[in-house]
Amino acid sequence: MTFLQLDNIKKTFGELSVIKGVDISASRGEFVVFVGPSGCGKSTLLRMIAGLEDVSSGMLSIDGKDVTYEEPAKREVSMVFQSYALYPHMSVFENMAFGLRMAKLPEDEIKRRVAEAARILQIEALLERKPRALSGGQRQRVAIGRSIVRNPKIFLFDEPLSNLDAELRSQMRVEIAKLHRNLGATMVYVTHDQVEAMTLADRIVVLRAGLVEQIGTPTELYDRPANTFVAGFIGSPKMNFLTASVTATDGSSLTLRHSAFTDGAMTLAHAAATKVKAGDAVTVGLRPEHLDVASARPLLRLTLDFAENLGGSTQLYARTDTDTVTILANGRPEIRPGDAMVAGIDPRHIYLFTPAGAAL
Amino acid sequence: MRVSSDKILHALGLTAVILFTLFPFYWMVSASFKTQADILASPPVWLFTPTLDHYREIFADSKVLGAVGNSLIIATATTALAVLLGAPAAFALARYDFRGKSDLWFWFISNRMTSPIVLALPVYILALQLKMLDTHLVLILIYLTFNLPIVVWICTDQFKSIPPDLEQAARLDGADQFTIFRKIYLPLGAPGIAVSAIFSFIFSWNELLYALVLTRRDVQTAPVVATSFMSGYELPWGKIMATGTVIVLPVTIFALIVSRHMVRGLTMGATK
């Protein structure tokens with residue numbers, strides 16, 4: 001059953017339209033991640049769910065109740081801010097107890113709940129400290145603790161890990177995933193980091209310029225991106241795009257021409273064969289991790305520009321006559337900048353898009 | 001170890017500023033312990049036998065103590081009211097958008113731009129007709145007019161520096177506007193409130209023009225009494241300086257107490 005429902009939600013600031021009609025639904029216990037480049041409206045959308053931004057039009061419901069115009073506190077949601085937003089003049093205990101005090105809970109119940117949250121987050125030793133005496137990771141835990149104690153219907157996270165260093169970030173990412181599993185709570189998480197999106201989400205909502213580009217599980221988004229934007233956004237390094245032209249189709253396969261193809265052309269069995277005709281241009285998408293520099297049947301002839309040694313793997317930046325192609329190669333291939341090289345790919349891993357960007 | 005010339009210049013500059021500001025203070029306090037002959041000696045006498053005669057004289061004179069009492073009542077009431085009314089106004093100006101906000105803001109500031117002497121006569125006539133001359137209330141009201149803008153101005157600035165995320169977190173926690181003001185903005189805005197309270201107190205304490213115009217005998221303030229000694233052909237410097245020293249004490253104590261709240265970085269740890 002739908003637990004969180006966004007129905008044609010729009011947001012305008014004066015003349016400026018920020019959210020242009022968004023439909024999203026999430027079921028109870030689901031972990032939904034909003035992802036997109038900065039300015040896509042993902043934080044605004046989250047703040048609208050929280051009630052911190054007014055909804056210009058559309059309907060928002062939580063647990064079957066219309067909360068479009070409800071006060072933030074009455075929505076029974078809690079939010080972890082990007083800045084943590086801890087009350088600097090209050091101890092960790094008081095920070096976590098603040099919402100409970102506002103709800104006028106009895107003192108022993110407040111103590112019990114704060115102690116429970118502190119135990120889960122392993123911050124029991126910090127309860128008497130002020131936020132300024134905490135490290136970034138500890139502040140993050142307190143901010144999460146503050147949202148746990150209120151036992152909300154939905155947890156909202158606004159880029160909670162973006163202020164942490166890389167190691168702490170991956171550690172907290174695992175903890176948030178564990179927290180989700182242990183609490184079984186519904187969570188909505190905003191990030192611009194596709195790694196966080198891929199690892200945490202049950203479902204990902206990819207947003208661009210106030211519109212939903214695609215909604216799906218991480219695997220769906222990776223395997224079947226709806227367009228070049230999603231294809232480029234999900235996966236790291238970014239997918240390579242080459243513009244090729246169709247020279248022939250026969251109902252189940254099509255032949256593409258590009259100057260970098262080893263034979264000048266490639267014939268490929270693909271469902272797109274019925275949707276294009278000879279003379280059409282198509283965008284070919286190749287993921288860096290699918291390209292193989294030691295392939296027995298290479299597809300691309302390239303010249304190496306630059307190589308980055310990542311230890312266990314090497315990231316190669318090569319070029320065709322017209323485009324740059326990134327390849328993630330295992331180990332350390334013996335290729336030097338300026339050398340000619342080849343790369344092959346399993347044909348099942350080739351993505352095709354229209355010139356406008358829609359998946360074929 | 002080489003001390004950079006920057007540091008030496010810095011120290012010299014600082015010393016000059018300290019001498020410049022503290023010397024008159026030293027002169028006043030030391031003169032209050034000198035005999036009239038020592039005070040008028042030229043070149044000045046640096047070493048002298050202190051005398052408490054001037055203090056005995058002013059404390060024997062009920063006028064001085066009464067005036068200090070009047071000043072205390074007026075300055076405390078003005079400061080309390082200015083903060084009580086100014087801080088909530090500043091909260092609204094800092095965090096909410098409403099119609100006429102910029103006009104209101106300009107009105108607050110422009111109040112402060114008027115030269116007090118321009119209004120002295122109209123205010124006198126008003127007070128006369130309202131039968132408020134020579135009352136504590138009239139001075140409290142007129143000082144409030146000058147102090148409120150300062151309080152609003154400083155506090156608005158202070159409140160604006162508090163991260164808006166805190167207020168939103170509190171809203172999600174279920175706090176209403178008044179609770180947010182009381183539990184978040186007041187404690188975190190304490191430095192600004194303290195500064196504006198000090199300004200307000202010092203202004204009300206030192207103010208002479210309106211105190212002269214609007215009081216007769218009952219509600220004379222300390223500065224009025226101090227200047228009243230300069231009458232006729234006599235200039236009792238020792239008595240004036242002793243009165244001055246007594247006048248400066250309460251305001252110094254007040255400033256020292258309140259300045260404990262003037263700490264920087266109160267919002268540290270809130271964000272990031």
# chains A, B, ... in the order shown; residues from 1 in each chain; ligands from 1
>>> closest_atom_pairs(of="chain A", to="chain B", cutoff="6 Å", atoms="only C-alpha atoms", output="Markdown table")
| residue | atom | partner | partner_atom | distance |
| --- | --- | --- | --- | --- |
| A:Pro72 | CA | B:Leu172 | CA | 5.4 |
| A:Ala73 | CA | B:Gly174 | CA | 4.6 |
| A:Ser83 | CA | B:Thr271 | CA | 4.5 |
| A:Tyr84 | CA | B:Thr271 | CA | 5.6 |
| A:Ala85 | CA | B:Leu166 | CA | 5.0 |
| A:Leu86 | CA | B:Ala270 | CA | 4.7 |
| A:Tyr87 | CA | B:Ala270 | CA | 5.8 |
| A:Pro88 | CA | B:Ala270 | CA | 4.8 |
| A:Gly99 | CA | B:Asp173 | CA | 4.3 |
| A:Met102 | CA | B:Gly174 | CA | 5.8 |
| A:Pro131 | CA | B:Gly269 | CA | 4.9 |
| A:Arg132 | CA | B:Gly269 | CA | 3.9 |
>>> write_last_selection(atoms="N, CA and C atoms", output="mmCIF file, in the first residue's frame")
data_model
loop_
_atom_site.group_PDB
_atom_site.id
_atom_site.type_symbol
_atom_site.label_atom_id
_atom_site.label_comp_id
_atom_site.auth_asym_id
_atom_site.auth_seq_id
_atom_site.Cartn_x
_atom_site.Cartn_y
_atom_site.Cartn_z
ATOM 1 N N PRO A 72 4.327 21.402 9.813
ATOM 2 C CA PRO A 72 5.421 20.419 9.821
ATOM 3 C C PRO A 72 5.350 19.447 10.995
ATOM 4 N N ALA A 73 5.119 19.982 12.188
ATOM 5 C CA ALA A 73 5.173 19.141 13.383
ATOM 6 C C ALA A 73 4.076 18.082 13.378
ATOM 7 N N SER A 83 23.303 20.474 7.271
ATOM 8 C CA SER A 83 24.166 21.177 8.223
ATOM 9 C C SER A 83 24.054 20.601 9.628
ATOM 10 N N TYR A 84 23.268 19.543 9.793
ATOM 11 C CA TYR A 84 22.946 18.899 11.077
ATOM 12 C C TYR A 84 21.974 19.728 11.914
ATOM 13 N N ALA A 85 22.153 21.071 11.905
ATOM 14 C CA ALA A 85 21.236 21.956 12.635
ATOM 15 C C ALA A 85 21.045 21.538 14.088
ATOM 16 N N LEU A 86 22.128 21.220 14.761
ATOM 17 C CA LEU A 86 22.035 20.926 16.198
ATOM 18 C C LEU A 86 21.894 22.246 16.947
ATOM 19 N N TYR A 87 21.168 22.222 18.064
ATOM 20 C CA TYR A 87 21.031 23.432 18.875
ATOM 21 C C TYR A 87 22.338 23.613 19.647
ATOM 22 N N PRO A 88 23.128 24.630 19.302
ATOM 23 C CA PRO A 88 24.501 24.700 19.823
ATOM 24 C C PRO A 88 24.583 24.961 21.310
ATOM 25 N N GLY A 99 12.412 17.733 20.928
ATOM 26 C CA GLY A 99 11.138 17.404 20.287
ATOM 27 C C GLY A 99 10.185 16.698 21.231
ATOM 28 N N MET A 102 8.714 19.198 23.534
ATOM 29 C CA MET A 102 7.664 19.943 22.845
ATOM 30 C C MET A 102 6.367 19.124 22.826
ATOM 31 N N PRO A 131 27.376 20.440 21.269
ATOM 32 C CA PRO A 131 27.737 20.092 19.885
ATOM 33 C C PRO A 131 29.136 20.542 19.477
ATOM 34 N N ARG A 132 29.597 21.700 19.998
ATOM 35 C CA ARG A 132 30.905 22.179 19.528
ATOM 36 C C ARG A 132 32.037 21.269 19.992
#
>>> residues_around(residues="range 219-231 of chain B", least_positions_apart="5", cutoff="12 Å", atoms="only C-alpha atoms", output="ChimeraX atom specification")
/B:58,61-75,132-140,202-214,236-251
>>> select_by_dssp(residues="range 146-227 of chain B", states="alpha helix (DSSP H)", output="MDAnalysis selection string")
chainID B and resid 146:160 164:172 177:180 186:188 190:206 209:214 222:227
>>> atom_distance(atom1="CA of Ala117 in chain A", atom2="CA of Val149 in chain A")
6.1 Å
>>> atom_distance(atom1="CA of Glu107 in chain A", atom2="CA of Phe181 in chain B")
23.2 Å
>>> select_by_dssp(residues="range 128-158 of chain A", states="strand (DSSP E)", output="list in words")
Ile154, Phe155, Leu156, Phe157 and Asp158 of chain A
>>> decode(residues="range 21-34 of chain B", atoms="N, CA and C atoms", output="CSV table (one decimal), in the first residue's frame")
chain,number,residue,atom,x,y,z
B,21,THR,N,42.1,56.8,25.6
B,21,THR,CA,40.8,56.6,26.2
B,21,THR,C,40.8,56.6,27.7
B,22,LEU,N,41.9,56.1,28.3
B,22,LEU,CA,41.9,56.0,29.7
B,22,LEU,C,42.5,57.2,30.5
B,23,PHE,N,43.2,58.1,29.8
B,23,PHE,CA,43.8,59.2,30.5
B,23,PHE,C,42.8,60.1,31.1
B,24,PRO,N,41.7,60.5,30.4
B,24,PRO,CA,40.7,61.3,31.0
B,24,PRO,C,40.1,60.7,32.2
B,25,PHE,N,39.9,59.4,32.1
B,25,PHE,CA,39.4,58.6,33.2
B,25,PHE,C,40.3,58.7,34.4
B,26,TYR,N,41.6,58.5,34.2
B,26,TYR,CA,42.6,58.6,35.2
B,26,TYR,C,42.6,60.0,35.8
B,27,TRP,N,42.5,61.0,35.0
B,27,TRP,CA,42.5,62.4,35.4
B,27,TRP,C,41.3,62.7,36.3
B,28,MET,N,40.1,62.2,35.9
B,28,MET,CA,38.9,62.4,36.7
B,28,MET,C,39.1,61.7,38.1
B,29,VAL,N,39.5,60.5,38.1
B,29,VAL,CA,39.5,59.7,39.4
B,29,VAL,C,40.6,60.3,40.3
B,30,SER,N,41.8,60.7,39.7
B,30,SER,CA,42.9,61.2,40.5
B,30,SER,C,42.5,62.6,41.1
B,31,ALA,N,41.8,63.4,40.2
B,31,ALA,CA,41.5,64.7,40.7
B,31,ALA,C,40.4,64.7,41.8
B,32,SER,N,39.6,63.6,41.8
B,32,SER,CA,38.6,63.5,42.9
B,32,SER,C,39.2,63.3,44.2
B,33,PHE,N,40.5,62.8,44.2
B,33,PHE,CA,41.2,62.6,45.5
B,33,PHE,C,42.2,63.8,45.8
B,34,LYS,N,42.2,64.8,45.0
B,34,LYS,CA,43.2,65.9,45.2
B,34,LYS,C,42.5,67.1,45.9
